[in-house]
Amino acid sequence: MRIVLAIIATCFFSSVSTLSLAEDWPQWRGPTGNNHAADGATAPVEWSEDSGLAWSVPVPGRGHSSPTIVGDRIYLTTCDEEAQTQSLLLYDRASGKQLQQRIVHSGKLPPKIHGNNTHASPTVACDGQRVYALFDNDLAAWVTAFDLEGNQLWQQRVTEFNPKKYVFGFGSSPILAGNLLIVTAEYDGPDSGIYAIDTATGKRRWKAPRTKSLSYSTPIVAELAGKQQLLLSGNLAIASYDPTTGKENWSTRGAAHATCGTMVWDANRGLAFASGGYPRSFTCAVRGDGDHAVVWENSTKCYEQSMLVVDGFLYGVADSGVAYCWQGTDGKVMWKHRLGGKFSSSPLLVDSRIYVTNEQGTTFLYAASPNGFESLGKNQLGDECFATPTPVDGRLYHRFATSANGDRQEFLAAIGE
């Protein structure tokens with residue numbers, strides 16, 4: 001990850017807009033992989049469709065990818081199901097103007113997916129030189145690389161993805177690890193695995209086989225036990241891999257057959273955390289070194305949404321709409337509070353505040369404190385949200401949808417004057 005951050009520091013600012021672009025969000029979970037905004041970052045606490053927005057623009061098609069922000073560009077993916085196209089979208093960071101729509105695939109969409117999924121759910125990754133879009137098309141996972149202006153550089157079929165038992169579509173996002181792009185495709189077929197491809201060429205560098213069973217979590221590169229570990233839950237295990245070679249470091253039996261959330265970790269206390277589960281619900285902590293034993297476990301289920309670690313405490317929002325704070329070392333419940341609604345978007349941390357949006361478009365703000373639930377506000381945009389907002393520039397870049405008279409329209413908004 002340090003290599004990636006060095007590239008970001010040297011390359012991201014080759015072109016700048018009228019904004020002071022001191023922050024970027026280059027992939028799922030941000031530059032540090034933990035969904036924390038940069039130290040000193042701020043974000044608005046009040047907004048609505050009529051106030052508190054710098055701009056709001058329509059997004060064509062349908063997708064759940066979260067905004068990736070690099071330099072003066074915002075990158076999203078989308079799918080037009082009627083036209084049978086999957087596309088990369090580029091927006092101007094300052095004004096929200098749509099600059100490009102690059103069609104990546106035409107036709108051959110999966111014939112069936114889960115009703116809450118889309119054909120454009122993986123979040124785009126960018127290393128400051130190239131932009132990487134991952135799509136499920138023609139019964140396979142494909143990565144297409146573009147330059148920062150959206151010109152295609154290469155396209156690679158990474159692996160077959162042809163589930164038979166549960167045809168719910170694709171769920172995981174690509175993750176950068178130095179000059180490698182990590183793609184996970186877990187399904188009930190022979191090619192189930194984690195794949196690393198060269199960011200310059202798209203050629204495969206390694207494969208780590210996975211159980212022939214469906215799971216949807218995005219792996220993450222964590223600094224744990226003094227080394228970089230690629231963490232992944234699902235298929236009845238919490239597992240760690242060497243991100244440079246794909247060699248399994250360790251695996252602890254646990255979790256459930258299927259998870260969707262990305263794991264989180266506490267480097268200071270040597271713990272990794274996972275949640276979710278089908279058919280069994282769980283949240284657990286595992287030692288990142290030593291015997292890698294499960295330290296504690298409960299039956300709370302944060303299935304699609306990932307969690308947060310802040311100052312030794314674990315924060316999550318369960319499928320039931322209840323927000324939790326656990327003590328990371330032993331799982332003690334510090335507090336729990338019902339927010340309401342269903343959740344797929346993940347909580348994020350900005351300036352000691354947690355922001356999390358339910359599927360009905362309500363964003364809840366509360367203090368990242370173990371001393372009791374403290375509400376800091378509640379705001380509404382549209383009536384549907386599955387993507388996770390991106391916190392940079394003192395703003396939140398937010399993808400949401402509004403349905404009126406049976407017509408659904410997606411939007412991308414910059415929250416913050």
# chains A, B, ... in the order shown; residues from 1 in each chain; ligands from 1
>>> residues_around(residues="region 361-368 of chain A", least_positions_apart="3", cutoff="9 Å", atoms="only C-alpha atoms", output="ChimeraX atom specification")
/A:45,310,313,315,325,339,341,349,352-358,372-386,400-402
>>> select_by_dssp(residues="region 60-219 of chain A", states="strand (DSSP E or B)", output="number ranges by chain")
A: 62, 68-70, 73-80, 85-92, 98-106, 125-126, 131-137, 140-146, 152-160, 175-177, 180-186, 193-198, 204-209, 215
>>> residues_around(residues="region 258-271 of chain A", least_positions_apart="3", cutoff="7 Å", atoms="only C-alpha atoms", output="PDB file with N, CA and C atoms, in the first residue's frame")
ATOM      1  N   ASN A  34      -9.394   1.474   4.917  1.00  0.00           N
ATOM      2  CA  ASN A  34     -10.204   1.308   6.129  1.00  0.00           C
ATOM      3  C   ASN A  34     -11.436   2.210   6.172  1.00  0.00           C
ATOM      4  N   LEU A 214     -20.041 -19.946  -3.550  1.00  0.00           N
ATOM      5  CA  LEU A 214     -20.253 -18.515  -3.742  1.00  0.00           C
ATOM      6  C   LEU A 214     -19.936 -17.710  -2.489  1.00  0.00           C
ATOM      7  N   SER A 215     -19.211 -16.620  -2.677  1.00  0.00           N
ATOM      8  CA  SER A 215     -19.023 -15.591  -1.667  1.00  0.00           C
ATOM      9  C   SER A 215     -18.692 -14.310  -2.425  1.00  0.00           C
ATOM     10  N   TYR A 216     -18.876 -13.149  -1.788  1.00  0.00           N
ATOM     11  CA  TYR A 216     -18.863 -11.903  -2.556  1.00  0.00           C
ATOM     12  C   TYR A 216     -17.956 -10.827  -1.981  1.00  0.00           C
ATOM     13  N   SER A 217     -17.178 -11.123  -0.963  1.00  0.00           N
ATOM     14  CA  SER A 217     -16.396 -10.088  -0.292  1.00  0.00           C
ATOM     15  C   SER A 217     -15.223  -9.606  -1.136  1.00  0.00           C
ATOM     16  N   THR A 218     -14.922  -8.318  -0.993  1.00  0.00           N
ATOM     17  CA  THR A 218     -13.718  -7.730  -1.564  1.00  0.00           C
ATOM     18  C   THR A 218     -12.580  -7.894  -0.563  1.00  0.00           C
ATOM     19  N   PRO A 219     -11.434  -8.421  -0.982  1.00  0.00           N
ATOM     20  CA  PRO A 219     -10.297  -8.512  -0.056  1.00  0.00           C
ATOM     21  C   PRO A 219      -9.709  -7.135   0.200  1.00  0.00           C
ATOM     22  N   ILE A 220      -8.819  -7.044   1.167  1.00  0.00           N
ATOM     23  CA  ILE A 220      -8.197  -5.761   1.492  1.00  0.00           C
ATOM     24  C   ILE A 220      -6.762  -6.010   1.926  1.00  0.00           C
ATOM     25  N   GLU A 223      -1.976  -3.746   7.005  1.00  0.00           N
ATOM     26  CA  GLU A 223      -0.707  -3.836   7.711  1.00  0.00           C
ATOM     27  C   GLU A 223      -1.006  -4.457   9.067  1.00  0.00           C
ATOM     28  N   LEU A 224      -0.685  -5.723   9.211  1.00  0.00           N
ATOM     29  CA  LEU A 224      -1.058  -6.479  10.401  1.00  0.00           C
ATOM     30  C   LEU A 224       0.088  -7.423  10.766  1.00  0.00           C
ATOM     31  N   ALA A 225       0.422  -7.468  12.050  1.00  0.00           N
ATOM     32  CA  ALA A 225       1.514  -8.312  12.541  1.00  0.00           C
ATOM     33  C   ALA A 225       2.829  -7.980  11.847  1.00  0.00           C
ATOM     34  N   LEU A 231      -6.459  -9.775   3.372  1.00  0.00           N
ATOM     35  CA  LEU A 231      -7.456 -10.412   4.225  1.00  0.00           C
ATOM     36  C   LEU A 231      -8.754 -10.646   3.459  1.00  0.00           C
ATOM     37  N   LEU A 232      -9.370 -11.803   3.700  1.00  0.00           N
ATOM     38  CA  LEU A 232     -10.621 -12.144   3.022  1.00  0.00           C
ATOM     39  C   LEU A 232     -11.421 -13.096   3.903  1.00  0.00           C
ATOM     40  N   SER A 233     -12.724 -12.818   4.035  1.00  0.00           N
ATOM     41  CA  SER A 233     -13.624 -13.720   4.752  1.00  0.00           C
ATOM     42  C   SER A 233     -14.507 -14.455   3.757  1.00  0.00           C
ATOM     43  N   GLY A 234     -15.169 -15.494   4.249  1.00  0.00           N
ATOM     44  CA  GLY A 234     -16.111 -16.244   3.426  1.00  0.00           C
ATOM     45  C   GLY A 234     -15.664 -17.665   3.176  1.00  0.00           C
ATOM     46  N   ASN A 235     -16.617 -18.492   2.737  1.00  0.00           N
ATOM     47  CA  ASN A 235     -16.360 -19.911   2.487  1.00  0.00           C
ATOM     48  C   ASN A 235     -15.786 -20.602   3.721  1.00  0.00           C
ATOM     49  N   ALA A 274     -14.396  -9.584  10.951  1.00  0.00           N
ATOM     50  CA  ALA A 274     -15.261  -9.895   9.820  1.00  0.00           C
ATOM     51  C   ALA A 274     -16.693 -10.027  10.314  1.00  0.00           C
ATOM     52  N   SER A 275     -17.638  -9.861   9.381  1.00  0.00           N
ATOM     53  CA  SER A 275     -19.047 -10.016   9.715  1.00  0.00           C
ATOM     54  C   SER A 275     -19.807 -10.441   8.477  1.00  0.00           C
ATOM     55  N   GLY A 276     -21.067 -10.803   8.677  1.00  0.00           N
ATOM     56  CA  GLY A 276     -21.940 -11.152   7.566  1.00  0.00           C
ATOM     57  C   GLY A 276     -22.525 -12.529   7.731  1.00  0.00           C
ATOM     58  N   GLY A 277     -22.659 -13.205   6.585  1.00  0.00           N
ATOM     59  CA  GLY A 277     -22.983 -14.590   6.683  1.00  0.00           C
ATOM     60  C   GLY A 277     -24.265 -15.083   6.077  1.00  0.00           C
ATOM     61  N   TYR A 278     -24.137 -16.092   5.247  1.00  0.00           N
ATOM     62  CA  TYR A 278     -25.235 -16.932   4.813  1.00  0.00           C
ATOM     63  C   TYR A 278     -24.714 -18.364   4.837  1.00  0.00           C
ATOM     64  N   ALA A 285     -13.717 -11.585  15.798  1.00  0.00           N
ATOM     65  CA  ALA A 285     -12.357 -11.064  15.822  1.00  0.00           C
ATOM     66  C   ALA A 285     -11.391 -12.229  15.793  1.00  0.00           C
ATOM     67  N   VAL A 286     -10.327 -12.097  15.007  1.00  0.00           N
ATOM     68  CA  VAL A 286      -9.318 -13.138  14.846  1.00  0.00           C
ATOM     69  C   VAL A 286      -7.938 -12.525  15.088  1.00  0.00           C
ATOM     70  N   ARG A 287      -7.058 -13.264  15.735  1.00  0.00           N
ATOM     71  CA  ARG A 287      -5.694 -12.792  15.931  1.00  0.00           C
ATOM     72  C   ARG A 287      -4.948 -12.752  14.594  1.00  0.00           C
ATOM     73  N   GLY A 288      -4.252 -11.636  14.357  1.00  0.00           N
ATOM     74  CA  GLY A 288      -3.513 -11.489  13.106  1.00  0.00           C
ATOM     75  C   GLY A 288      -2.161 -12.162  13.105  1.00  0.00           C
ATOM     76  N   ASP A 289      -1.711 -12.640  14.258  1.00  0.00           N
ATOM     77  CA  ASP A 289      -0.462 -13.389  14.321  1.00  0.00           C
ATOM     78  C   ASP A 289      -0.621 -14.518  15.331  1.00  0.00           C
ATOM     79  N   TYR A 303     -24.069  -7.880   6.681  1.00  0.00           N
ATOM     80  CA  TYR A 303     -23.845  -8.766   5.536  1.00  0.00           C
ATOM     81  C   TYR A 303     -23.185  -8.050   4.361  1.00  0.00           C
ATOM     82  N   GLU A 304     -23.873  -7.095   3.746  1.00  0.00           N
ATOM     83  CA  GLU A 304     -23.299  -6.398   2.600  1.00  0.00           C
ATOM     84  C   GLU A 304     -22.392  -5.254   3.047  1.00  0.00           C
ATOM     85  N   GLN A 305     -22.749  -4.589   4.118  1.00  0.00           N
ATOM     86  CA  GLN A 305     -22.029  -3.418   4.576  1.00  0.00           C
ATOM     87  C   GLN A 305     -20.798  -3.811   5.390  1.00  0.00           C
ATOM     88  N   SER A 306     -19.681  -3.145   5.130  1.00  0.00           N
ATOM     89  CA  SER A 306     -18.462  -3.380   5.891  1.00  0.00           C
ATOM     90  C   SER A 306     -18.521  -2.607   7.204  1.00  0.00           C
ATOM     91  N   MET A 307     -17.515  -2.799   8.059  1.00  0.00           N
ATOM     92  CA  MET A 307     -17.495  -2.178   9.384  1.00  0.00           C
ATOM     93  C   MET A 307     -16.364  -1.145   9.463  1.00  0.00           C
ATOM     94  N   LEU A 308     -16.193  -0.562  10.648  1.00  0.00           N
ATOM     95  CA  LEU A 308     -15.144   0.425  10.910  1.00  0.00           C
ATOM     96  C   LEU A 308     -14.424   0.073  12.198  1.00  0.00           C
ATOM     97  N   VAL A 309     -13.120   0.318  12.247  1.00  0.00           N
ATOM     98  CA  VAL A 309     -12.361   0.262  13.490  1.00  0.00           C
ATOM     99  C   VAL A 309     -11.850   1.659  13.794  1.00  0.00           C
ATOM    100  N   GLY A 312      -9.516   1.295  18.640  1.00  0.00           N
ATOM    101  CA  GLY A 312      -9.687   0.053  19.374  1.00  0.00           C
ATOM    102  C   GLY A 312     -11.112  -0.427  19.506  1.00  0.00           C
TER     103      GLY A 312
END
>>> closest_residue(among="A:Ser106, A:Ser213, A:Gln152, A:Ser192", to="Tyr166 (chain A)", atoms="only C-alpha atoms")
A:Ser213
>>> closest_residue(among="A:Asn179, A:Arg29, A:Asn371, A:Lys203", to="Tyr324 (chain A)", atoms="only C-alpha atoms")
A:Asn371
>>> residues_around(residues="Gly246 (chain A)", least_positions_apart="6", cutoff="9 Å", atoms="only C-alpha atoms", output="PDB file with C-alpha atoms, in the first residue's frame")
ATOM      1  CA  ILE A 194      -8.235 -14.758  -6.091  1.00  0.00           C
ATOM      2  CA  TYR A 195      -6.338 -13.386  -9.088  1.00  0.00           C
ATOM      3  CA  ALA A 196      -3.522 -10.860  -9.371  1.00  0.00           C
ATOM      4  CA  TRP A 206      -0.717 -15.325  -9.635  1.00  0.00           C
ATOM      5  CA  LYS A 207      -3.845 -17.222  -8.658  1.00  0.00           C
ATOM      6  CA  ALA A 208      -4.872 -18.386  -5.181  1.00  0.00           C
ATOM      7  CA  LEU A 230      -4.427  -9.654   2.038  1.00  0.00           C
TER       8      LEU A 230
END
>>> closest_residue(among="A:Thr77, A:Gln84, A:Ser56, A:Thr211", to="Gln101 (chain A)", atoms="only C-alpha atoms")
A:Thr77
>>> closest_residue(among="A:Cys302, A:Ile103, A:Val295, A:Ala141", to="Pro174 (chain A)", atoms="only C-alpha atoms")
A:Ala141
>>> atom_distance(atom1="CA of Gln86 (chain A)", atom2="CA of His36 (chain A)")
29.6 Å
>>> residues_around(residues="Trp55 (chain A)", least_positions_apart="6", cutoff="7 Å", atoms="only C-alpha atoms", output="JSON list (two decimals) with N, CA and C atoms, in the first residue's frame")
[["chain", "number", "residue", "atom", "x", "y", "z"],
["A", 95, "SER", "N", -17.26, 20.68, -11.13],
["A", 95, "SER", "CA", -18.60, 21.09, -11.57],
["A", 95, "SER", "C", -19.61, 19.96, -11.64],
["A", 96, "GLY", "N", -19.13, 18.70, -11.67],
["A", 96, "GLY", "CA", -20.03, 17.57, -11.86],
["A", 96, "GLY", "C", -20.38, 17.29, -13.31],
["A", 413, "ALA", "N", -24.02, 13.55, -6.53],
["A", 413, "ALA", "CA", -24.06, 14.88, -5.91],
["A", 413, "ALA", "C", -22.79, 15.13, -5.14],
["A", 414, "ALA", "N", -22.38, 16.40, -5.13],
["A", 414, "ALA", "CA", -21.30, 16.86, -4.24],
["A", 414, "ALA", "C", -21.97, 17.57, -3.09]]
